[in-house]
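Engineer: Data: work19.json, JSON, C-alpha atoms.
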[["chain", "number", "residue", "atom", "x", "y", "z"],
["A", 1, "MET", "CA", 0.23, 9.58, 5.41],
["A", 2, "SER", "CA", -1.33, 6.10, 5.66],
["A", 3, "LYS", "CA", -1.95, 3.85, 2.68],
["A", 4, "VAL", "CA", -5.65, 3.78, 1.90],
["A", 5, "LYS", "CA", -8.17, 1.25, 0.63],
["A", 6, "THR", "CA", -11.58, 2.26, -0.74],
["A", 7, "GLU", "CA", -14.82, 0.57, -1.72],
["A", 8, "MET", "CA", -18.46, 1.24, -2.41],
["A", 9, "ILE", "CA", -20.65, -0.28, 0.29],
["A", 10, "GLU", "CA", -24.30, -0.24, 1.34],
["A", 11, "PHE", "CA", -25.65, 0.28, 4.83],
["A", 12, "PRO", "CA", -29.20, -0.10, 6.21],
["A", 13, "CYS", "CA", -31.53, 2.82, 6.88],
["A", 14, "ASP", "CA", -35.18, 2.35, 7.83],
["A", 15, "GLY", "CA", -35.51, -0.95, 6.00],
["A", 16, "GLU", "CA", -33.76, 0.25, 2.86],
["A", 17, "ARG", "CA", -30.15, 0.34, 1.68],
["A", 18, "THR", "CA", -28.08, 3.49, 1.24],
["A", 19, "PRO", "CA", -24.93, 3.40, -0.90],
["A", 20, "GLY", "CA", -21.74, 4.98, 0.34],
["A", 21, "TYR", "CA", -18.04, 5.36, -0.37],
["A", 22, "LEU", "CA", -15.82, 3.96, 2.38],
["A", 23, "ALA", "CA", -12.17, 4.98, 2.66],
["A", 24, "ARG", "CA", -9.95, 3.58, 5.39],
["A", 25, "PRO", "CA", -6.29, 3.10, 6.30],
["A", 26, "GLN", "CA", -4.88, -0.23, 5.16],
["A", 27, "ASP", "CA", -3.39, -1.09, 8.54],
["A", 28, "GLU", "CA", -5.14, -3.26, 11.11],
["A", 29, "GLY", "CA", -5.22, -0.61, 13.85],
["A", 30, "MET", "CA", -8.13, 1.20, 15.47],
["A", 31, "HIS", "CA", -9.17, 4.53, 13.96],
["A", 32, "PRO", "CA", -11.80, 7.23, 14.61],
["A", 33, "GLY", "CA", -14.76, 7.35, 12.22],
["A", 34, "LEU", "CA", -16.07, 10.22, 10.12],
["A", 35, "VAL", "CA", -19.17, 10.73, 7.98],
["A", 36, "VAL", "CA", -18.26, 12.90, 4.98],
["A", 37, "ILE", "CA", -21.31, 14.74, 3.61],
["A", 38, "GLN", "CA", -21.54, 15.75, -0.03],
["A", 39, "GLU", "CA", -22.10, 19.15, -1.60],
["A", 40, "TRP", "CA", -25.21, 19.65, -3.73],
["A", 41, "TRP", "CA", -23.36, 18.07, -6.68],
["A", 42, "GLY", "CA", -23.68, 14.60, -5.17],
["A", 43, "LEU", "CA", -21.15, 11.87, -4.43],
["A", 44, "VAL", "CA", -18.75, 13.17, -7.07],
["A", 45, "PRO", "CA", -15.00, 12.44, -7.40],
["A", 46, "HIS", "CA", -14.10, 15.49, -5.28],
["A", 47, "ILE", "CA", -15.99, 14.15, -2.26],
["A", 48, "LYS", "CA", -14.46, 10.70, -2.74],
["A", 49, "ASP", "CA", -11.04, 12.34, -2.90],
["A", 50, "VAL", "CA", -11.68, 14.19, 0.37],
["A", 51, "ALA", "CA", -12.75, 10.93, 2.03],
["A", 52, "GLN", "CA", -9.47, 9.42, 0.84],
["A", 53, "ARG", "CA", -7.56, 12.37, 2.29],
["A", 54, "PHE", "CA", -9.16, 11.76, 5.68],
["A", 55, "ALA", "CA", -8.28, 8.05, 5.47],
["A", 56, "GLY", "CA", -4.71, 9.03, 4.66],
["A", 57, "GLN", "CA", -4.70, 10.99, 7.92],
["A", 58, "GLY", "CA", -5.82, 8.00, 9.96],
["A", 59, "PHE", "CA", -9.63, 8.22, 9.88],
["A", 60, "ILE", "CA", -12.20, 5.73, 8.60],
["A", 61, "ALA", "CA", -14.37, 7.92, 6.39],
["A", 62, "LEU", "CA", -17.79, 7.07, 4.98],
["A", 63, "ALA", "CA", -19.41, 9.35, 2.39],
["A", 64, "PRO", "CA", -23.10, 8.39, 2.04],
["A", 65, "ASP", "CA", -24.60, 8.82, -1.42],
["A", 66, "LEU", "CA", -27.64, 10.90, -0.47],
["A", 67, "TYR", "CA", -28.78, 11.08, -4.11],
["A", 68, "HIS", "CA", -28.57, 7.28, -4.54],
["A", 69, "GLY", "CA", -26.57, 7.21, -7.74],
["A", 70, "ARG", "CA", -27.47, 10.59, -9.20],
["A", 71, "ALA", "CA", -25.02, 13.47, -9.50],
["A", 72, "ALA", "CA", -24.85, 16.86, -11.20],
["A", 73, "SER", "CA", -22.27, 18.82, -13.14],
["A", 74, "GLU", "CA", -24.28, 22.01, -13.77],
["A", 75, "PRO", "CA", -25.69, 24.35, -11.09],
["A", 76, "ASP", "CA", -29.29, 24.14, -12.31],
["A", 77, "GLU", "CA", -29.16, 20.35, -12.18],
["A", 78, "ALA", "CA", -27.54, 20.40, -8.74],
["A", 79, "ARG", "CA", -30.17, 22.84, -7.47],
["A", 80, "LYS", "CA", -32.93, 20.52, -8.67],
["A", 81, "LEU", "CA", -31.40, 17.51, -6.94],
["A", 82, "ALA", "CA", -30.90, 19.47, -3.72],
["A", 83, "MET", "CA", -34.49, 20.71, -3.75],
["A", 84, "GLU", "CA", -35.77, 17.15, -4.25],
["A", 85, "LEU", "CA", -33.79, 15.90, -1.26],
["A", 86, "GLU", "CA", -35.89, 15.58, 1.89],
["A", 87, "GLU", "CA", -33.81, 16.91, 4.77],
["A", 88, "ALA", "CA", -35.32, 14.54, 7.32],
["A", 89, "ARG", "CA", -34.46, 11.56, 5.12],
["A", 90, "ALA", "CA", -30.94, 12.86, 4.50],
["A", 91, "VAL", "CA", -30.33, 13.31, 8.24],
["A", 92, "ALA", "CA", -31.70, 9.80, 8.88],
["A", 93, "GLU", "CA", -29.24, 8.38, 6.33],
["A", 94, "ILE", "CA", -26.36, 10.31, 7.89],
["A", 95, "GLN", "CA", -27.34, 8.94, 11.30],
["A", 96, "ALA", "CA", -27.48, 5.46, 9.78],
["A", 97, "ALA", "CA", -23.96, 6.02, 8.41],
["A", 98, "VAL", "CA", -22.87, 6.93, 11.95],
["A", 99, "ARG", "CA", -24.33, 3.66, 13.24],
["A", 100, "TYR", "CA", -22.62, 1.71, 10.45],
["A", 101, "LEU", "CA", -19.26, 3.14, 11.46],
["A", 102, "GLN", "CA", -19.97, 2.43, 15.12],
["A", 103, "GLY", "CA", -20.48, -1.20, 14.15],
["A", 104, "LEU", "CA", -17.07, -1.59, 12.51],
["A", 105, "GLN", "CA", -14.53, -3.34, 14.71],
["A", 106, "ALA", "CA", -11.75, -1.02, 13.52],
["A", 107, "VAL", "CA", -13.60, 2.14, 14.58],
["A", 108, "SER", "CA", -12.79, 3.64, 17.97],
["A", 109, "PRO", "CA", -14.03, 5.65, 19.81],
["A", 110, "SER", "CA", -17.78, 5.09, 19.39],
["A", 111, "LYS", "CA", -18.41, 8.82, 19.04],
["A", 112, "ILE", "CA", -18.28, 9.62, 15.32],
["A", 113, "GLY", "CA", -17.50, 12.93, 13.61],
["A", 114, "VAL", "CA", -19.47, 14.52, 10.77],
["A", 115, "VAL", "CA", -18.14, 16.96, 8.20],
["A", 116, "GLY", "CA", -19.86, 18.53, 5.20],
["A", 117, "TRP", "CA", -19.59, 21.22, 2.58],
["A", 118, "CYS", "CA", -22.29, 23.63, 1.37],
["A", 119, "MET", "CA", -25.50, 21.55, 1.50],
["A", 120, "GLY", "CA", -23.46, 18.98, 3.40],
["A", 121, "GLY", "CA", -22.35, 21.61, 5.90],
["A", 122, "HIS", "CA", -25.98, 22.47, 6.52],
["A", 123, "LEU", "CA", -26.78, 18.78, 6.97],
["A", 124, "ALA", "CA", -23.82, 18.34, 9.34],
["A", 125, "LEU", "CA", -25.30, 21.03, 11.59],
["A", 126, "SER", "CA", -28.79, 19.56, 11.30],
["A", 127, "THR", "CA", -27.46, 16.11, 12.22],
["A", 128, "ALA", "CA", -25.62, 17.58, 15.20],
["A", 129, "ALA", "CA", -28.94, 19.06, 16.35],
["A", 130, "GLU", "CA", -30.74, 15.71, 15.98],
["A", 131, "SER", "CA", -28.15, 13.22, 17.21],
["A", 132, "ARG", "CA", -26.53, 12.56, 20.57],
["A", 133, "ASP", "CA", -24.06, 10.09, 19.07],
["A", 134, "LEU", "CA", -21.64, 12.61, 17.57],
["A", 135, "GLY", "CA", -18.22, 13.39, 18.94],
["A", 136, "ALA", "CA", -17.66, 16.50, 16.79],
["A", 137, "ALA", "CA", -19.04, 18.33, 13.76],
["A", 138, "VAL", "CA", -17.37, 20.49, 11.10],
["A", 139, "ALA", "CA", -19.39, 22.64, 8.71],
["A", 140, "PHE", "CA", -17.70, 24.17, 5.68],
["A", 141, "TYR", "CA", -19.95, 27.07, 4.67],
["A", 142, "GLY", "CA", -22.99, 25.30, 6.04],
["A", 143, "ARG", "CA", -25.99, 27.57, 6.53],
["A", 144, "PRO", "CA", -27.66, 26.84, 9.88],
["A", 145, "ARG", "CA", -31.38, 26.04, 9.64],
["A", 146, "ASP", "CA", -31.83, 28.87, 12.14],
["A", 147, "VAL", "CA", -29.65, 30.27, 14.90],
["A", 148, "ASN", "CA", -31.92, 28.78, 17.58],
["A", 149, "MET", "CA", -30.86, 25.28, 16.57],
["A", 150, "ALA", "CA", -27.75, 25.92, 18.67],
["A", 151, "ALA", "CA", -29.84, 25.01, 21.72],
["A", 152, "GLN", "CA", -30.21, 21.45, 20.38],
["A", 153, "ILE", "CA", -26.51, 20.84, 19.66],
["A", 154, "ASP", "CA", -24.25, 18.94, 22.06],
["A", 155, "ALA", "CA", -21.30, 18.08, 19.83],
["A", 156, "PRO", "CA", -18.39, 20.53, 19.49],
["A", 157, "VAL", "CA", -18.84, 22.55, 16.28],
["A", 158, "LEU", "CA", -16.20, 24.00, 13.96],
["A", 159, "GLY", "CA", -17.64, 26.39, 11.37],
["A", 160, "LEU", "CA", -15.60, 27.54, 8.37],
["A", 161, "TYR", "CA", -16.98, 30.37, 6.22],
["A", 162, "GLY", "CA", -15.96, 32.78, 3.49],
["A", 163, "GLU", "CA", -16.26, 36.52, 3.94],
["A", 164, "HIS", "CA", -17.77, 36.93, 0.47],
["A", 165, "ASP", "CA", -20.22, 34.02, 0.57],
["A", 166, "HIS", "CA", -23.31, 35.61, -0.95],
["A", 167, "GLY", "CA", -25.54, 32.76, 0.21],
["A", 168, "ILE", "CA", -24.51, 32.91, 3.89],
["A", 169, "PRO", "CA", -24.22, 36.49, 5.19],
["A", 170, "VAL", "CA", -21.45, 37.17, 7.68],
["A", 171, "ASP", "CA", -24.03, 38.61, 10.09],
["A", 172, "LEU", "CA", -25.86, 35.25, 10.14],
["A", 173, "VAL", "CA", -22.59, 33.43, 10.86],
["A", 174, "ARG", "CA", -21.87, 35.79, 13.76],
["A", 175, "GLN", "CA", -25.38, 35.34, 15.15],
["A", 176, "PHE", "CA", -24.92, 31.58, 15.04],
["A", 177, "ASP", "CA", -21.56, 31.99, 16.78],
["A", 178, "GLN", "CA", -23.23, 33.99, 19.54],
["A", 179, "ALA", "CA", -26.03, 31.43, 19.90],
["A", 180, "LEU", "CA", -23.54, 28.58, 20.29],
["A", 181, "GLU", "CA", -21.74, 30.65, 22.93],
["A", 182, "GLN", "CA", -24.98, 31.36, 24.80],
["A", 183, "HIS", "CA", -25.87, 27.68, 24.93],
["A", 184, "GLY", "CA", -22.43, 26.56, 26.04],
["A", 185, "VAL", "CA", -21.61, 24.54, 22.91],
["A", 186, "PRO", "CA", -17.85, 24.10, 22.46],
["A", 187, "HIS", "CA", -17.18, 25.75, 19.14],
["A", 188, "GLU", "CA", -14.92, 27.78, 16.88],
["A", 189, "ILE", "CA", -16.11, 29.89, 13.96],
["A", 190, "HIS", "CA", -13.67, 31.16, 11.33],
["A", 191, "ILE", "CA", -14.50, 33.62, 8.56],
["A", 192, "TYR", "CA", -11.82, 33.75, 5.87],
["A", 193, "PRO", "CA", -11.19, 37.28, 4.49],
["A", 194, "GLY", "CA", -11.63, 37.49, 0.75],
["A", 195, "ALA", "CA", -12.89, 33.92, 0.38],
["A", 196, "GLY", "CA", -16.19, 33.08, -1.26],
["A", 197, "HIS", "CA", -18.55, 30.14, -1.15],
["A", 198, "ALA", "CA", -17.02, 26.70, -1.84],
["A", 199, "PHE", "CA", -13.48, 28.01, -1.29],
["A", 200, "PHE", "CA", -12.34, 24.47, -0.39],
["A", 201, "ASN", "CA", -13.32, 22.84, -3.70],
["A", 202, "ASP", "CA", -10.09, 22.52, -5.66],
["A", 203, "THR", "CA", -11.93, 21.16, -8.71],
["A", 204, "ARG", "CA", -13.43, 24.62, -9.28],
["A", 205, "PRO", "CA", -10.42, 26.90, -9.86],
["A", 206, "GLN", "CA", -12.57, 30.01, -10.30],
["A", 207, "ILE", "CA", -13.57, 29.92, -6.61],
["A", 208, "TYR", "CA", -10.91, 27.78, -4.96],
["A", 209, "ASP", "CA", -8.85, 29.67, -2.38],
["A", 210, "ALA", "CA", -5.72, 27.63, -1.70],
["A", 211, "GLU", "CA", -4.64, 29.54, 1.41],
["A", 212, "ALA", "CA", -8.06, 29.40, 3.06],
["A", 213, "ALA", "CA", -8.55, 25.77, 2.04],
["A", 214, "GLN", "CA", -5.25, 24.65, 3.51],
["A", 215, "ASP", "CA", -5.86, 26.47, 6.78],
["A", 216, "ALA", "CA", -9.40, 25.07, 7.00],
["A", 217, "TRP", "CA", -8.12, 21.55, 6.35],
["A", 218, "GLN", "CA", -5.56, 21.79, 9.15],
["A", 219, "ARG", "CA", -8.16, 23.20, 11.54],
["A", 220, "THR", "CA", -10.51, 20.35, 10.63],
["A", 221, "LEU", "CA", -7.90, 17.68, 11.30],
["A", 222, "GLN", "CA", -6.98, 19.33, 14.60],
["A", 223, "TRP", "CA", -10.65, 19.54, 15.60],
["A", 224, "PHE", "CA", -11.33, 15.87, 14.98],
["A", 225, "ARG", "CA", -8.08, 14.78, 16.59],
["A", 226, "ARG", "CA", -8.94, 16.88, 19.61],
["A", 227, "TYR", "CA", -12.43, 15.49, 20.10],
["A", 228, "LEU", "CA", -12.30, 11.99, 18.55],
["A", 229, "THR", "CA", -8.89, 10.67, 19.61]]
Show this structure as structure tokens.
Structural biologist:
Amino acid sequence: MSKVKTEMIEFPCDGERTPGYLARPQDEGMHPGLVVIQEWWGLVPHIKDVAQRFAGQGFIALAPDLYHGRAASEPDEARKLAMELEEARAVAEIQAAVRYLQGLQAVSPSKIGVVGWCMGGHLALSTAAESRDLGAAVAFYGRPRDVNMAAQIDAPVLGLYGEHDHGIPVDLVRQFDQALEQHGVPHEIHIYPGAGHAFFNDTRPQIYDAEAAQDAWQRTLQWFRRYLT
């Protein structure tokens, strides 16, 4: 695992500045870039830790702060922040984060990956539908806006879902899988038996599923290494 350096940065988006957490290997080599998209809690320590994990695996990872300094620790507060977030603005900031990474000399190739969890998984799919600059997308329990959005996606999609996710029915996941197949989008969809929503979040022991999380992490690394390197 590479040694990592981290910093808070700002990048431009439509004449304004968006904060973000940048994690990168300490060496001077070239590395693929990833945008790491927060859950509805915000840019909390867990998301920063995941960005660091990606950097330790040789990626330059940028986690944009879509709430611009706000974060939540309780579900009601997180729900309020998520409802206040304008999806079009969030996608624009994610696309701006992609452009920021493309502008870094240490980032190669120019095609950037996106990965998100929960709300961030949804936004990863939405960004894949709006952007032609992505090399790959990974959605951890990200609810698609609708299954027809598959027709707008070019980037290879990896979807990781829990069997007992009460917010994202298995039937919807399978319909999305079929739609991606129909439109010729390179993709893999995995539904983990017995896992619930947010099974990857190891800061929430009541829902964390270590076996599913570890498998999903390895699949994610393999996906990005396959399509970005």
Engineer: Which of these, A:Ala61, A:Asn148, A:Thr203, A:Ala210, has the shortest distance to Glu181 of chain A once you count only C-alpha atoms?
Structural biologist: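 Checking each candidate against Glu181 of chain A, we get A:Asn148 as the closest.
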Engineer: (-28.8, 29.9, 2.7) in this file's frame - what residues fall within 7 Å of it? Use only C-alpha atoms and give the answer as an mmCIF file with C-alpha atoms, in the frame of the given file.
Structural biologist:
data_model
loop_
_atom_site.group_PDB
_atom_site.id
_atom_site.type_symbol
_atom_site.label_atom_id
_atom_site.label_comp_id
_atom_site.auth_asym_id
_atom_site.auth_seq_id
_atom_site.Cartn_x
_atom_site.Cartn_y
_atom_site.Cartn_z
ATOM 1 C CA ARG A 143 -25.990 27.570 6.530
ATOM 2 C CA GLY A 167 -25.540 32.760 0.210
ATOM 3 C CA ILE A 168 -24.510 32.910 3.890
#
Engineer: Kindly provide, as a ChimeraX atom specification, the polymer residues lying within 12 Å of (-28.9, 10.5, -12.1), counting all atoms listed in the file and using the coordinates exactly as they appear in the file.
Structural biologist: /A:41-44,65-73,77-78,80-81
Engineer: What's the separation between atom CA of Thr220 of chain A and atom CA of Val138 of chain A, in Å to one decimal place?
Structural biologist: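 Those two atoms sit 6.9 Å apart.
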Engineer: Restricting the calculation to all atoms listed in the file, which member of A:Lys48, A:Arg79, A:Arg145, A:His31 is positioned closest to Ile60 of chain A?
Structural biologist: A:His31
Engineer: Taking only residues of segment 61-143 of chain A that have an atom at most 12 Å from an atom of segment 11-29 of chain A, what is each one's shortest atom pair and its distance in Å to one decimal, using all atoms listed in the file, in chain and number order, as a Markdown table?
Structural biologist:
| residue | atom | partner | partner_atom | distance |
| --- | --- | --- | --- | --- |
| A:Ala61 | CA | A:Ala23 | CA | 5.2 |
| A:Leu62 | CA | A:Leu22 | CA | 4.5 |
| A:Ala63 | CA | A:Tyr21 | CA | 5.0 |
| A:Pro64 | CA | A:Gly20 | CA | 4.0 |
| A:Asp65 | CA | A:Gly20 | CA | 5.1 |
| A:Leu66 | CA | A:Thr18 | CA | 7.6 |
| A:Tyr67 | CA | A:Pro19 | CA | 9.2 |
| A:His68 | CA | A:Pro19 | CA | 6.4 |
| A:Gly69 | CA | A:Pro19 | CA | 8.0 |
| A:Arg70 | CA | A:Pro19 | CA | 11.3 |
| A:Arg89 | CA | A:Cys13 | CA | 9.4 |
| A:Ala90 | CA | A:Thr18 | CA | 10.3 |
| A:Val91 | CA | A:Cys13 | CA | 10.6 |
| A:Ala92 | CA | A:Cys13 | CA | 7.3 |
| A:Glu93 | CA | A:Cys13 | CA | 6.0 |
| A:Ile94 | CA | A:Cys13 | CA | 9.2 |
| A:Gln95 | CA | A:Cys13 | CA | 8.6 |
| A:Ala96 | CA | A:Cys13 | CA | 5.6 |
| A:Ala97 | CA | A:Phe11 | CA | 7.0 |
| A:Val98 | CA | A:Phe11 | CA | 10.1 |
| A:Arg99 | CA | A:Phe11 | CA | 9.2 |
| A:Tyr100 | CA | A:Phe11 | CA | 6.5 |
| A:Leu101 | CA | A:Phe11 | CA | 9.6 |
| A:Gln102 | CA | A:Phe11 | CA | 11.9 |
| A:Gly103 | CA | A:Phe11 | CA | 10.8 |
| A:Leu104 | CA | A:Arg24 | CA | 11.3 |
| A:Gln105 | CA | A:Gly29 | CA | 9.7 |
| A:Ala106 | CA | A:Gly29 | CA | 6.6 |
| A:Val107 | CA | A:Gly29 | CA | 8.8 |
| A:Ser108 | CA | A:Gly29 | CA | 9.6 |
Engineer: Have a look at atom CA of Met83 of chain A and atom CA of Gly142 of chain A and let me know their distance in Å, one decimal.
Structural biologist: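 Answer for the atom CA of Met83 of chain A to atom CA of Gly142 of chain A separation: 15.8 Å.
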Engineer: Have a look at A:His197, A:Trp217, A:Phe59, A:Glu87 and name the one nearest to Thr127 of chain A; count all atoms listed in the file.
Structural biologist: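 Between A:His197, A:Trp217, A:Phe59, A:Glu87, the residue approaching Thr127 of chain A most closely is A:Glu87.
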Engineer: List as CSV every residue of segment 47-147 of chain A that is in contact with segment 156-159 of chain A, defined as an atom at most 9 Å from one of its atoms (using all atoms listed in the file), together with the nearest atom pair and the distance in Å rounded to one decimal, sorted by chain and then rising number.
Structural biologist:
residue,atom,partner,partner_atom,distance
A:Gly121,CA,A:Gly159,CA,8.7
A:Leu125,CA,A:Val157,CA,8.1
A:Ala128,CA,A:Val157,CA,8.5
A:Leu134,CA,A:Pro156,CA,8.8
A:Gly135,CA,A:Pro156,CA,7.2
A:Ala136,CA,A:Pro156,CA,4.9
A:Ala137,CA,A:Val157,CA,4.9
A:Val138,CA,A:Leu158,CA,4.7
A:Ala139,CA,A:Gly159,CA,4.9
A:Phe140,CA,A:Gly159,CA,6.1
A:Tyr141,CA,A:Gly159,CA,7.1
A:Gly142,CA,A:Gly159,CA,7.6
